[in-house]
>>> print(open('input37.cif').read())   # mmCIF, C-alpha atoms
data_target
loop_
_atom_site.group_PDB
_atom_site.id
_atom_site.type_symbol
_atom_site.label_atom_id
_atom_site.label_comp_id
_atom_site.auth_asym_id
_atom_site.auth_seq_id
_atom_site.Cartn_x
_atom_site.Cartn_y
_atom_site.Cartn_z
ATOM 1 C CA MET A 1 156.486 -73.800 116.552
ATOM 2 C CA GLY A 2 159.970 -72.650 117.570
ATOM 3 C CA ASN A 3 163.270 -74.467 117.413
ATOM 4 C CA GLN A 4 163.125 -78.039 118.640
ATOM 5 C CA ILE A 5 165.630 -78.655 121.420
ATOM 6 C CA TYR A 6 166.630 -81.984 122.925
ATOM 7 C CA THR A 7 168.582 -82.015 126.195
ATOM 8 C CA ILE A 8 170.217 -85.276 127.218
ATOM 9 C CA GLY A 9 171.435 -86.026 130.719
ATOM 10 C CA ARG A 10 173.313 -89.285 131.087
ATOM 11 C CA GLU A 11 174.947 -91.682 133.481
ATOM 12 C CA PHE A 12 178.612 -92.184 132.683
ATOM 13 C CA GLY A 13 178.996 -95.211 130.445
ATOM 14 C CA SER A 14 175.297 -95.450 129.586
ATOM 15 C CA GLY A 15 175.763 -94.581 125.925
ATOM 16 C CA GLY A 16 173.988 -91.263 126.373
ATOM 17 C CA TYR A 17 176.418 -89.386 124.167
ATOM 18 C CA THR A 18 175.961 -91.946 121.398
ATOM 19 C CA VAL A 19 172.183 -91.581 121.647
ATOM 20 C CA ALA A 20 172.606 -87.803 121.368
ATOM 21 C CA LYS A 21 174.900 -88.182 118.343
ATOM 22 C CA LEU A 22 172.543 -90.599 116.585
ATOM 23 C CA LEU A 23 169.616 -88.290 117.282
ATOM 24 C CA SER A 24 171.400 -85.234 115.872
ATOM 25 C CA GLU A 25 172.427 -87.200 112.770
ATOM 26 C CA ARG A 26 168.904 -88.524 112.245
ATOM 27 C CA LEU A 27 167.427 -85.029 112.448
ATOM 28 C CA GLY A 28 170.249 -83.212 110.685
ATOM 29 C CA ILE A 29 170.716 -80.769 113.571
ATOM 30 C CA LYS A 30 173.819 -79.797 115.516
ATOM 31 C CA LEU A 31 175.051 -81.634 118.615
ATOM 32 C CA TYR A 32 176.469 -79.538 121.443
ATOM 33 C CA ASP A 33 178.691 -81.249 123.981
ATOM 34 C CA LYS A 34 182.252 -79.947 124.225
ATOM 35 C CA GLU A 35 181.272 -77.611 121.393
ATOM 36 C CA LEU A 36 179.159 -75.731 123.907
ATOM 37 C CA LEU A 37 182.275 -74.871 125.915
ATOM 38 C CA ALA A 38 183.916 -73.318 122.872
ATOM 39 C CA GLN A 39 180.810 -71.245 122.184
ATOM 40 C CA ALA A 40 180.512 -70.177 125.846
ATOM 41 C CA ALA A 41 184.182 -69.142 125.840
ATOM 42 C CA LYS A 42 183.595 -67.035 122.730
ATOM 43 C CA ASP A 43 180.433 -65.431 124.174
ATOM 44 C CA SER A 44 181.884 -64.663 127.604
ATOM 45 C CA GLY A 45 185.525 -63.941 126.800
ATOM 46 C CA PHE A 46 186.751 -66.732 129.075
ATOM 47 C CA CYS A 47 189.651 -68.920 128.052
ATOM 48 C CA GLU A 48 188.209 -72.242 126.824
ATOM 49 C CA GLU A 49 190.636 -74.119 129.089
ATOM 50 C CA ILE A 50 189.032 -72.479 132.135
ATOM 51 C CA LEU A 51 185.588 -73.713 131.077
ATOM 52 C CA GLU A 52 186.951 -77.204 130.465
ATOM 53 C CA ASN A 53 188.571 -77.319 133.921
ATOM 54 C CA HIS A 54 185.273 -76.410 135.591
ATOM 55 C CA ASP A 55 182.991 -78.351 133.244
ATOM 56 C CA GLU A 56 180.233 -80.187 135.173
ATOM 57 C CA LYS A 57 182.324 -80.077 138.338
ATOM 58 C CA PRO A 58 180.630 -79.898 141.759
ATOM 59 C CA THR A 59 180.723 -76.809 143.934
ATOM 60 C CA SER A 60 180.456 -76.174 147.658
ATOM 61 C CA SER A 61 180.142 -72.388 147.644
ATOM 62 C CA PHE A 62 177.306 -70.735 149.584
ATOM 63 C CA LEU A 63 177.522 -67.520 147.556
ATOM 64 C CA TYR A 64 175.629 -68.832 144.539
ATOM 65 C CA SER A 65 172.089 -68.101 145.737
ATOM 66 C CA LEU A 66 173.135 -64.598 146.760
ATOM 67 C CA VAL A 67 174.745 -63.580 143.495
ATOM 68 C CA MET A 68 172.004 -65.139 141.367
ATOM 69 C CA ASP A 69 169.486 -62.743 142.917
ATOM 70 C CA THR A 70 171.331 -59.748 141.493
ATOM 71 C CA TYR A 71 173.025 -61.174 138.395
ATOM 72 C CA SER A 72 171.684 -59.904 135.078
ATOM 73 C CA GLY A 73 171.998 -62.575 132.378
ATOM 74 C CA GLY A 74 174.795 -61.904 129.910
ATOM 75 C CA ASN A 75 176.167 -58.899 131.791
ATOM 76 C CA TYR A 76 179.713 -60.089 132.383
ATOM 77 C CA SER A 77 180.901 -56.696 133.602
ATOM 78 C CA SER A 78 178.308 -56.285 136.370
ATOM 79 C CA ALA A 79 179.529 -56.160 139.973
ATOM 80 C CA PRO A 80 177.620 -59.314 141.040
ATOM 81 C CA PHE A 81 179.215 -61.310 138.207
ATOM 82 C CA LEU A 82 182.723 -59.992 138.848
ATOM 83 C CA ASP A 83 182.474 -60.752 142.567
ATOM 84 C CA MET A 84 181.278 -64.347 142.293
ATOM 85 C CA PRO A 85 183.522 -67.460 142.422
ATOM 86 C CA LEU A 86 185.015 -68.676 139.146
ATOM 87 C CA ASN A 87 182.964 -71.881 139.046
ATOM 88 C CA HIS A 88 179.752 -69.841 139.180
ATOM 89 C CA LYS A 89 180.988 -67.574 136.400
ATOM 90 C CA VAL A 90 181.632 -70.649 134.274
ATOM 91 C CA PHE A 91 178.168 -72.042 135.002
ATOM 92 C CA LEU A 92 176.456 -68.763 134.123
ATOM 93 C CA ALA A 93 178.487 -68.393 130.934
ATOM 94 C CA GLN A 94 177.294 -71.844 129.835
ATOM 95 C CA PHE A 95 173.745 -71.071 131.031
ATOM 96 C CA ASP A 96 173.568 -67.946 128.841
ATOM 97 C CA THR A 97 175.105 -69.706 125.846
ATOM 98 C CA ILE A 98 172.599 -72.561 126.075
ATOM 99 C CA LYS A 99 169.758 -70.037 125.896
ATOM 100 C CA LYS A 100 171.325 -68.264 122.924
ATOM 101 C CA ILE A 101 171.772 -71.548 121.053
ATOM 102 C CA ALA A 102 168.150 -72.579 121.709
ATOM 103 C CA GLU A 103 166.900 -69.251 120.391
ATOM 104 C CA ARG A 104 169.047 -69.596 117.281
ATOM 105 C CA GLU A 105 168.597 -73.187 116.127
ATOM 106 C CA SER A 106 167.168 -76.658 116.691
ATOM 107 C CA CYS A 107 169.814 -78.832 118.350
ATOM 108 C CA VAL A 108 170.767 -81.577 120.801
ATOM 109 C CA ILE A 109 172.537 -80.468 123.990
ATOM 110 C CA VAL A 110 174.360 -82.960 126.215
ATOM 111 C CA GLY A 111 174.467 -82.389 129.989
ATOM 112 C CA ARG A 112 175.409 -79.059 131.618
ATOM 113 C CA CYS A 113 171.981 -78.526 133.222
ATOM 114 C CA ALA A 114 170.535 -77.592 129.825
ATOM 115 C CA ASP A 115 167.088 -78.804 130.883
ATOM 116 C CA TYR A 116 167.164 -76.301 133.744
ATOM 117 C CA ALA A 117 168.466 -73.459 131.580
ATOM 118 C CA LEU A 118 165.606 -74.071 129.145
ATOM 119 C CA ALA A 119 162.897 -74.823 131.708
ATOM 120 C CA SER A 120 160.583 -72.173 130.258
ATOM 121 C CA TYR A 121 161.239 -73.158 126.642
ATOM 122 C CA PRO A 122 158.079 -74.807 125.207
ATOM 123 C CA ASP A 123 159.726 -76.935 122.506
ATOM 124 C CA CYS A 124 162.418 -78.486 124.695
ATOM 125 C CA LEU A 125 162.337 -82.255 125.288
ATOM 126 C CA ASN A 126 164.388 -83.340 128.316
ATOM 127 C CA ILE A 127 165.790 -86.878 128.287
ATOM 128 C CA PHE A 128 167.865 -88.899 130.737
ATOM 129 C CA VAL A 129 169.828 -91.971 129.613
ATOM 130 C CA HIS A 130 170.857 -94.630 132.114
ATOM 131 C CA ALA A 131 171.926 -98.279 132.170
ATOM 132 C CA ASP A 132 172.662 -101.166 134.511
ATOM 133 C CA MET A 133 176.014 -100.887 136.257
ATOM 134 C CA ASP A 134 177.397 -104.120 134.786
ATOM 135 C CA ASP A 135 176.753 -102.894 131.248
ATOM 136 C CA ARG A 136 178.300 -99.533 131.992
ATOM 137 C CA ILE A 137 181.395 -101.161 133.482
ATOM 138 C CA LYS A 138 181.868 -103.316 130.380
ATOM 139 C CA ARG A 139 181.417 -100.355 128.045
ATOM 140 C CA ILE A 140 183.922 -98.142 129.882
ATOM 141 C CA SER A 141 186.407 -100.964 130.394
ATOM 142 C CA ILE A 142 186.503 -101.599 126.639
ATOM 143 C CA ARG A 143 186.409 -97.940 125.618
ATOM 144 C CA GLU A 144 189.176 -96.819 127.992
ATOM 145 C CA ASN A 145 191.123 -100.098 127.872
ATOM 146 C CA ILE A 146 191.139 -100.441 131.659
ATOM 147 C CA THR A 147 190.202 -103.159 134.146
ATOM 148 C CA GLU A 148 186.589 -103.512 135.192
ATOM 149 C CA ASN A 149 187.492 -102.427 138.741
ATOM 150 C CA LYS A 150 189.032 -99.221 137.434
ATOM 151 C CA ALA A 151 186.050 -98.721 135.156
ATOM 152 C CA LYS A 152 183.680 -99.009 138.116
ATOM 153 C CA ASP A 153 185.715 -96.474 140.106
ATOM 154 C CA MET A 154 185.676 -94.074 137.165
ATOM 155 C CA ILE A 155 181.910 -94.452 136.734
ATOM 156 C CA GLN A 156 181.209 -93.809 140.395
ATOM 157 C CA LYS A 157 183.439 -90.732 140.434
ATOM 158 C CA ARG A 158 181.975 -89.199 137.274
ATOM 159 C CA ASP A 159 178.387 -89.920 138.325
ATOM 160 C CA LYS A 160 179.041 -88.312 141.686
ATOM 161 C CA GLN A 161 180.471 -85.208 140.012
ATOM 162 C CA ARG A 162 177.558 -84.892 137.617
ATOM 163 C CA ALA A 163 174.965 -85.449 140.338
ATOM 164 C CA SER A 164 176.587 -82.914 142.673
ATOM 165 C CA TYR A 165 176.806 -80.312 139.908
ATOM 166 C CA TYR A 166 173.242 -80.829 138.692
ATOM 167 C CA ASN A 167 171.637 -81.031 142.140
ATOM 168 C CA TYR A 168 173.400 -77.884 143.317
ATOM 169 C CA TYR A 169 172.638 -75.621 140.384
ATOM 170 C CA THR A 170 169.121 -76.828 139.556
ATOM 171 C CA CYS A 171 167.693 -77.643 143.011
ATOM 172 C CA LYS A 172 166.441 -80.865 141.404
ATOM 173 C CA LYS A 173 167.744 -84.422 141.650
ATOM 174 C CA TRP A 174 170.008 -85.756 138.916
ATOM 175 C CA GLY A 175 168.610 -88.960 137.410
ATOM 176 C CA ASP A 176 165.217 -88.629 139.100
ATOM 177 C CA SER A 177 162.588 -89.426 136.453
ATOM 178 C CA ARG A 178 160.468 -86.516 137.681
ATOM 179 C CA SER A 179 163.175 -84.116 136.495
ATOM 180 C CA TYR A 180 162.830 -85.230 132.855
ATOM 181 C CA ASP A 181 160.222 -85.810 130.161
ATOM 182 C CA LEU A 182 161.630 -89.188 129.170
ATOM 183 C CA THR A 183 164.099 -91.648 130.717
ATOM 184 C CA LEU A 184 165.684 -94.481 128.724
ATOM 185 C CA ASN A 185 167.486 -97.602 129.944
ATOM 186 C CA THR A 186 170.044 -98.630 127.327
ATOM 187 C CA SER A 187 170.453 -102.009 129.006
ATOM 188 C CA LYS A 188 166.893 -102.761 127.882
ATOM 189 C CA ILE A 189 166.635 -100.665 124.720
ATOM 190 C CA PRO A 190 169.235 -100.625 121.887
ATOM 191 C CA LEU A 191 170.699 -97.184 121.189
ATOM 192 C CA GLU A 192 169.054 -96.829 117.772
ATOM 193 C CA GLU A 193 165.675 -97.726 119.260
ATOM 194 C CA CYS A 194 166.197 -95.073 121.943
ATOM 195 C CA VAL A 195 166.312 -92.531 119.130
ATOM 196 C CA ASP A 196 163.099 -93.977 117.673
ATOM 197 C CA LEU A 197 161.374 -93.594 121.043
ATOM 198 C CA ILE A 198 162.563 -90.007 121.432
ATOM 199 C CA LEU A 199 161.181 -89.070 118.010
ATOM 200 C CA GLU A 200 157.922 -90.880 118.705
ATOM 201 C CA TYR A 201 157.572 -88.995 121.972
ATOM 202 C CA ARG A 202 158.236 -85.711 120.169
ATOM 203 C CA LYS A 203 155.346 -86.400 117.783
ATOM 204 C CA LYS A 204 153.001 -86.665 120.754
ATOM 205 C CA MET A 205 154.093 -83.365 122.264
ATOM 206 C CA LYS A 206 151.598 -80.561 121.811
#
>>> encode(input="input37.cif", output="structure tokens")
Amino acid sequence: MGNQIYTIGREFGSGGYTVAKLLSERLGIKLYDKELLAQAAKDSGFCEEILENHDEKPTSSFLYSLVMDTYSGGNYSSAPFLDMPLNHKVFLAQFDTIKKIAERESCVIVGRCADYALASYPDCLNIFVHADMDDRIKRISIRENITENKAKDMIQKRDKQRASYYNYYTCKKWGDSRSYDLTLNTSKIPLEECVDLILEYRKKMK
């Protein structure tokens, strides 16, 4: 058996990051969230600030499908890579780094279409964490110290960004249960128990 990888997609305010953190701590493996950007910057030579500015942001370019046909993974000096828009370069830099991390170690990766990048990886468990809107509003309102109306606006904006980014680059639907191995509703299941369920599911994987 190879490295065990857990990818976690999440609705904003669902507690998905906390589930990922608890899971990594329980297993004693590394968690990659913003850390992935730093690694991708190192691998690709991009400034980390550039990756942060384009992190999980939607795109409207029609060039992506064209350049992907001729792009050779990891070749940052190839003509197709140099000619493509910056947001696609950032995506591909993260895409390549995700693959390198999975080949190197067991880990938990949050967001960034990691499930798509590792679609052919046999020991990858893809999880999506969601919650009822009221619970998400309360969580964000408390965490950011803002009104519930502002929290709702923030949630809707971030969810829209994540969905647009994921749907565009993966040709799948963000949050659709068919895109994942396991979906968890943190309004029904406490965060610690979500981790228990993930580990139980892993045991049943062949």
>>> resolve_selection(input="input37.cif", expression="the PyMOL selection byres ((chain A and resi 13-25) around 6)", output="list in words")
Arg10, Glu11, Phe12, Arg26, Leu27, Gly28, Ile29, Lys30, Leu31, Val129, His130, Ala131, Arg136, Ile140, Leu191 and Val195 of chain A
>>> resolve_selection(input="input37.cif", expression="the PyMOL selection byres ((chain A and resi 121) around 10)", output="VMD selection string")
chain A and resid 2 to 5 99 102 to 103 115 to 120 122 to 125
>>> axis_aligned_box(input="input37.cif", around="stretch 25-30 of chain A", padding_each_side="4 Å", output="lines of an AutoDock Vina configuration file")
center_x = 170.6
center_y = -84.2
center_z = 113.1
size_x = 14.4
size_y = 16.7
size_z = 12.8
>>> residues_around(input="input37.cif", residues="A:Ile98", least_positions_apart="2", cutoff="8 Å", atoms="only C-alpha atoms", output="number ranges by chain")
A: 36, 94-96, 100-102, 114, 117-118
>>> resolve_selection(input="input37.cif", expression="the PyMOL selection byres ((chain A and resi 134) around 12)", output="list in words")
Gly13, Ser14, His130, Ala131, Asp132, Met133, Asp135, Arg136, Ile137, Lys138, Arg139, Ile140, Ser141, Glu148, Asn149, Ala151, Lys152, Ile155, Thr186 and Ser187 of chain A
>>> build_atoms(input="input37.cif", residues="stretch 149-168 of chain A", atoms="N, CA and C atoms", output="short mmCIF file (atom, residue, chain, number, x, y, z; two decimals), in the coordinates of the input")
data_model
loop_
_atom_site.label_atom_id
_atom_site.label_comp_id
_atom_site.auth_asym_id
_atom_site.auth_seq_id
_atom_site.Cartn_x
_atom_site.Cartn_y
_atom_site.Cartn_z
N ASN A 149 187.47 -103.11 137.44
CA ASN A 149 187.49 -102.43 138.74
C ASN A 149 187.77 -100.94 138.57
N LYS A 150 188.72 -100.63 137.69
CA LYS A 150 189.03 -99.22 137.43
C LYS A 150 187.86 -98.54 136.73
N ALA A 151 187.21 -99.27 135.86
CA ALA A 151 186.05 -98.72 135.16
C ALA A 151 184.93 -98.38 136.15
N LYS A 152 184.72 -99.25 137.11
CA LYS A 152 183.68 -99.01 138.12
C LYS A 152 184.01 -97.77 138.95
N ASP A 153 185.29 -97.65 139.33
CA ASP A 153 185.72 -96.47 140.11
C ASP A 153 185.51 -95.19 139.31
N MET A 154 185.84 -95.24 138.03
CA MET A 154 185.68 -94.07 137.16
C MET A 154 184.21 -93.69 137.04
N ILE A 155 183.36 -94.68 136.86
CA ILE A 155 181.91 -94.45 136.73
C ILE A 155 181.35 -93.80 137.99
N GLN A 156 181.72 -94.35 139.13
CA GLN A 156 181.21 -93.81 140.40
C GLN A 156 181.66 -92.37 140.62
N LYS A 157 182.90 -92.08 140.26
CA LYS A 157 183.44 -90.73 140.43
C LYS A 157 182.73 -89.74 139.52
N ARG A 158 182.59 -90.10 138.24
CA ARG A 158 181.98 -89.20 137.27
C ARG A 158 180.49 -88.99 137.57
N ASP A 159 179.81 -90.05 137.97
CA ASP A 159 178.39 -89.92 138.32
C ASP A 159 178.22 -88.99 139.53
N LYS A 160 179.11 -89.15 140.49
CA LYS A 160 179.04 -88.31 141.69
C LYS A 160 179.25 -86.85 141.34
N GLN A 161 180.21 -86.58 140.45
CA GLN A 161 180.47 -85.21 140.01
C GLN A 161 179.26 -84.62 139.31
N ARG A 162 178.70 -85.39 138.38
CA ARG A 162 177.56 -84.89 137.62
C ARG A 162 176.35 -84.66 138.51
N ALA A 163 176.11 -85.59 139.43
CA ALA A 163 174.96 -85.45 140.34
C ALA A 163 175.12 -84.23 141.23
N SER A 164 176.33 -84.04 141.79
CA SER A 164 176.59 -82.91 142.67
C SER A 164 176.40 -81.59 141.94
N TYR A 165 176.91 -81.52 140.73
CA TYR A 165 176.81 -80.31 139.91
C TYR A 165 175.34 -80.01 139.58
N TYR A 166 174.64 -81.01 139.10
CA TYR A 166 173.24 -80.83 138.69
C TYR A 166 172.35 -80.48 139.89
N ASN A 167 172.49 -81.24 140.96
CA ASN A 167 171.64 -81.03 142.14
C ASN A 167 171.85 -79.64 142.74
N TYR A 168 173.09 -79.18 142.71
CA TYR A 168 173.40 -77.88 143.32
C TYR A 168 172.81 -76.73 142.51
#
